[in-house]
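**Student:** Got a structure here, written out as structure tokens. Questions coming.
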Amino acid sequence: MEFTTGGRLEVRITASDVGKRVSVRSLTGAGGRHATFTDTVGVLTSWDHGVLHITRRGGQRVTLDESALVAAKVVPGTPARRRGIPSASVRELVEVASRGWPAVETERLGGWTLRASAEPGPAGEGRFERGAGSRREGFTARANSVLPLGDPGLPRAEALTLAGRWYEERGLVPRVQVTTGGEHTDELLAAELEERGWSGERYALLRIAALAPLADREPDGRVLLGRAPGADWFSLYRRAAEMPHSATRVLTGGPSVWFATVPGDAGAPGEVAPGGGAPEAGAAAIGRCVIDGRWAGFAAVEVAPGHRRQGLATAVMAELARAALAEGASAAYLQVERDNDAARALYDGMGFADHHAYHYRRAPEH
């Protein structure tokens, strides 16, 4: 990381650079031989009273004292794109991912979209519980959070109050989805929410890849494709068990959706069930893919514990990719938790690369 001009370290940023991506070298420690240099790259979200806040690509916020700065400069906002990886803006992918995981109920607030997916109340389907008293989570944060794509059309504080009230009327936790690590992402909004006491949670990455290489293998007859998830599929996707109505609405929504299922008795040739007993009931592996123009979005790829290390996750992805290619898609995306090292390694091997990060800001308890 180069900070010098003519051999001298220089601090080449000021408070006027708030909102820009910067690279900063600071001195950590009490000084002397135990002091160390630390490099921080991210968006400068504030510089007040001698204290800097920088939001990293992954959404983590770093606090630095101005007196500890050794060198700093503004850097380009977008890293170089890896060869073979599709080109796309953050806005395009956020919108595609939202359409591919559609909430049961939405409402616009200027450029913001309020999304909720709660279970229906006693009045029946289509009417959802309101004023439940205790705040619920809903089916996935993706389908139960504010998507801030633009200006809400009124002061930020007022917009957050209205959004919070909207979620509380539905008995849901108010959340805002914020993106980081790309051009025109939400680092400043994330910093403001943190200042207001909205805590960060569920840090994740959106990753992309070329679609064709995912299908570059022989067809696998163990993988069954269908337009709706069956009982076997749901037997493995257990996160939907407590919210079957909203889960089904979200999962089957989207422009063109495919579900993959490997039945529990369709393991590797010659496979013997653990302990020598009967084959495992339900699905051995599942997956979901939604096609939207050139994009194929993969989600809910799960393999039952007794069927792991048999290549079933790769087989499921390949068959779904084949279906997406037949509909004209050429690029793939998926979302994975930042700390899920096993999943990230699997997708690395399939050619996926990080595009941007996102997480959720959760409203404080009253």
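Going by the structure tokens order, chains are called A, B, ..., each with residues numbered from 1, while ligands are numbered from 1 in the order shown.
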Taking the backbone alone, and naming residues the way the document does, which bits of region 130-333 of chain A are strand (DSSP E) by DSSP, as a ChimeraX atom specification?
**Tutor:** /A:146-148,175-180,199-210,224-226,256-263,283-292,295-303,331-333
**Student:** Applying 10 Å and only C-alpha atoms, which residues near region 340-346 of chain A remain after dropping the ones on its own chain fewer than 5 positions away? List them as a compact mmCIF listing (two decimals) with N, CA and C atoms, in the first residue's frame.
**Tutor:**
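Just written: out.txt:
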```
# COMPACT_ATOMS: atom_id res chain seq x y z
N ALA A 204 -23.32 -10.36 5.47
CA ALA A 204 -23.31 -11.32 4.37
C ALA A 204 -22.63 -10.72 3.15
N LEU A 205 -22.40 -11.57 2.16
CA LEU A 205 -21.78 -11.18 0.91
C LEU A 205 -22.69 -11.57 -0.25
N ARG A 207 -22.29 -12.67 -4.02
CA ARG A 207 -21.22 -13.17 -4.87
C ARG A 207 -21.77 -13.47 -6.27
N VAL A 301 -29.50 -23.86 -0.85
CA VAL A 301 -28.76 -25.08 -1.19
C VAL A 301 -28.37 -25.77 0.12
N ALA A 313 -24.25 -30.96 -3.45
CA ALA A 313 -24.44 -29.51 -3.58
C ALA A 313 -24.04 -29.06 -4.98
N THR A 314 -22.91 -29.59 -5.47
CA THR A 314 -22.46 -29.24 -6.82
C THR A 314 -23.43 -29.76 -7.87
N GLN A 335 -26.13 -15.38 -2.21
CA GLN A 335 -25.82 -14.64 -0.99
C GLN A 335 -25.39 -15.63 0.08
N GLY A 351 -16.16 -20.77 -8.91
CA GLY A 351 -15.84 -19.56 -9.65
C GLY A 351 -16.52 -18.29 -9.17
N PHE A 352 -17.18 -18.33 -8.02
CA PHE A 352 -17.85 -17.14 -7.51
C PHE A 352 -16.84 -16.18 -6.88
N ALA A 353 -17.09 -14.90 -7.04
CA ALA A 353 -16.27 -13.86 -6.43
C ALA A 353 -17.18 -12.86 -5.72
N ASP A 354 -16.65 -12.22 -4.70
CA ASP A 354 -17.42 -11.21 -3.96
C ASP A 354 -17.72 -10.02 -4.86
```
**Student:** Check the smallest atom-to-atom distance from each of A:Gln60, A:Asp265, A:Val51, A:Val257 to His307 (chain A) using only C-alpha atoms, then report the winner.
**Tutor:**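 For His307 (chain A), the nearest of the candidates is A:Asp265.
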**Student:** Could you jot down the CA of Val178 (chain A) to CA of Thr248 (chain A) separation for me, Å, one decimal place?
**Tutor:**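 Straight-line distance from CA of Val178 (chain A) to CA of Thr248 (chain A) works out to 25.3 Å.
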**Student:** With region 235-246 of chain A as the partner and 8 Å as the cut-off, tabulate the residues of region 86-201 of chain A that qualify, each row holding the nearest pair of atoms and their distance in Å to one decimal, using only C-alpha atoms, sorted by chain and rising number, as a tab-separated table.
**Tutor:**
```
residue	atom	partner	partner_atom	distance
A:Val104	CA	A:Ser246	CA	6.6
A:Ser117	CA	A:Ser246	CA	5.6
A:Ala118	CA	A:Ser246	CA	6.1
A:Glu119	CA	A:Ser246	CA	5.8
A:Pro120	CA	A:His245	CA	7.5
A:Gly138	CA	A:Met243	CA	7.8
A:Phe139	CA	A:Met243	CA	6.5
```
**Student:** Taking the DSSP secondary structure from the backbone, can you list the residues of region 106-318 of chain A that are helix (DSSP H, G or I), as a VMD selection string?
**Tutor:** chain A and resid 141 to 143 156 to 169 187 to 195 212 to 215 231 to 236 238 to 240 244 to 252 274 to 276 305 to 307 312 to 318
**Student:** Taking C-alpha atoms for each residue, export the selection above as an mmCIF file, in the first residue's frame.
**Tutor:**
```cif
data_model
loop_
_atom_site.group_PDB
_atom_site.id
_atom_site.type_symbol
_atom_site.label_atom_id
_atom_site.label_comp_id
_atom_site.auth_asym_id
_atom_site.auth_seq_id
_atom_site.Cartn_x
_atom_site.Cartn_y
_atom_site.Cartn_z
ATOM 1 C CA ALA A 141 -34.508 -10.608 7.111
ATOM 2 C CA ARG A 142 -34.395 -10.205 3.317
ATOM 3 C CA ALA A 143 -38.199 -10.299 3.173
ATOM 4 C CA ARG A 156 -34.212 10.693 7.290
ATOM 5 C CA ALA A 157 -35.305 10.780 10.931
ATOM 6 C CA GLU A 158 -38.959 11.095 9.941
ATOM 7 C CA ALA A 159 -38.635 8.294 7.372
ATOM 8 C CA LEU A 160 -37.134 5.972 9.977
ATOM 9 C CA THR A 161 -39.939 6.795 12.401
ATOM 10 C CA LEU A 162 -42.596 6.015 9.790
ATOM 11 C CA ALA A 163 -40.830 2.820 8.732
ATOM 12 C CA GLY A 164 -40.461 1.706 12.339
ATOM 13 C CA ARG A 165 -44.144 2.310 12.957
ATOM 14 C CA TRP A 166 -45.046 0.301 9.835
ATOM 15 C CA TYR A 167 -43.123 -2.740 11.098
ATOM 16 C CA GLU A 168 -44.367 -2.413 14.654
ATOM 17 C CA GLU A 169 -47.970 -2.381 13.415
ATOM 18 C CA GLU A 187 -21.898 3.334 4.303
ATOM 19 C CA LEU A 188 -23.144 6.793 5.296
ATOM 20 C CA LEU A 189 -26.625 5.433 6.034
ATOM 21 C CA ALA A 190 -25.128 2.572 8.063
ATOM 22 C CA ALA A 191 -23.065 5.055 10.087
ATOM 23 C CA GLU A 192 -26.100 7.235 10.749
ATOM 24 C CA LEU A 193 -28.177 4.245 11.842
ATOM 25 C CA GLU A 194 -25.402 3.158 14.195
ATOM 26 C CA GLU A 195 -25.347 6.642 15.716
ATOM 27 C CA ALA A 212 -22.162 -21.671 -17.974
ATOM 28 C CA PRO A 213 -19.216 -23.190 -16.043
ATOM 29 C CA LEU A 214 -21.596 -24.224 -13.250
ATOM 30 C CA ALA A 215 -23.424 -26.544 -15.655
ATOM 31 C CA ALA A 231 -42.833 -32.146 1.105
ATOM 32 C CA ASP A 232 -39.351 -33.686 0.693
ATOM 33 C CA TRP A 233 -37.916 -30.271 -0.190
ATOM 34 C CA PHE A 234 -39.467 -28.663 2.883
ATOM 35 C CA SER A 235 -38.307 -31.543 5.075
ATOM 36 C CA LEU A 236 -34.739 -30.295 4.617
ATOM 37 C CA ARG A 238 -36.502 -26.466 8.168
ATOM 38 C CA ARG A 239 -36.288 -22.691 8.604
ATOM 39 C CA ALA A 240 -39.697 -22.528 6.895
ATOM 40 C CA PRO A 244 -45.193 -22.102 6.260
ATOM 41 C CA HIS A 245 -47.505 -19.544 4.640
ATOM 42 C CA SER A 246 -45.056 -16.671 4.318
ATOM 43 C CA ALA A 247 -42.190 -19.043 3.472
ATOM 44 C CA THR A 248 -44.122 -20.592 0.590
ATOM 45 C CA ARG A 249 -45.164 -17.165 -0.717
ATOM 46 C CA VAL A 250 -41.576 -15.886 -0.675
ATOM 47 C CA LEU A 251 -39.945 -19.047 -2.018
ATOM 48 C CA THR A 252 -42.334 -19.475 -4.940
ATOM 49 C CA PRO A 274 -25.275 -44.620 8.471
ATOM 50 C CA GLY A 275 -25.388 -47.621 10.834
ATOM 51 C CA GLY A 276 -26.438 -49.910 7.981
ATOM 52 C CA PRO A 305 -25.871 -34.481 7.260
ATOM 53 C CA GLY A 306 -25.902 -38.145 6.239
ATOM 54 C CA HIS A 307 -25.348 -37.297 2.560
ATOM 55 C CA LEU A 312 -24.691 -33.295 -4.074
ATOM 56 C CA ALA A 313 -24.445 -29.514 -3.579
ATOM 57 C CA THR A 314 -22.457 -29.238 -6.816
ATOM 58 C CA ALA A 315 -24.928 -31.532 -8.614
ATOM 59 C CA VAL A 316 -27.890 -29.436 -7.449
ATOM 60 C CA MET A 317 -26.210 -26.209 -8.579
ATOM 61 C CA ALA A 318 -25.333 -27.748 -11.947
#
```
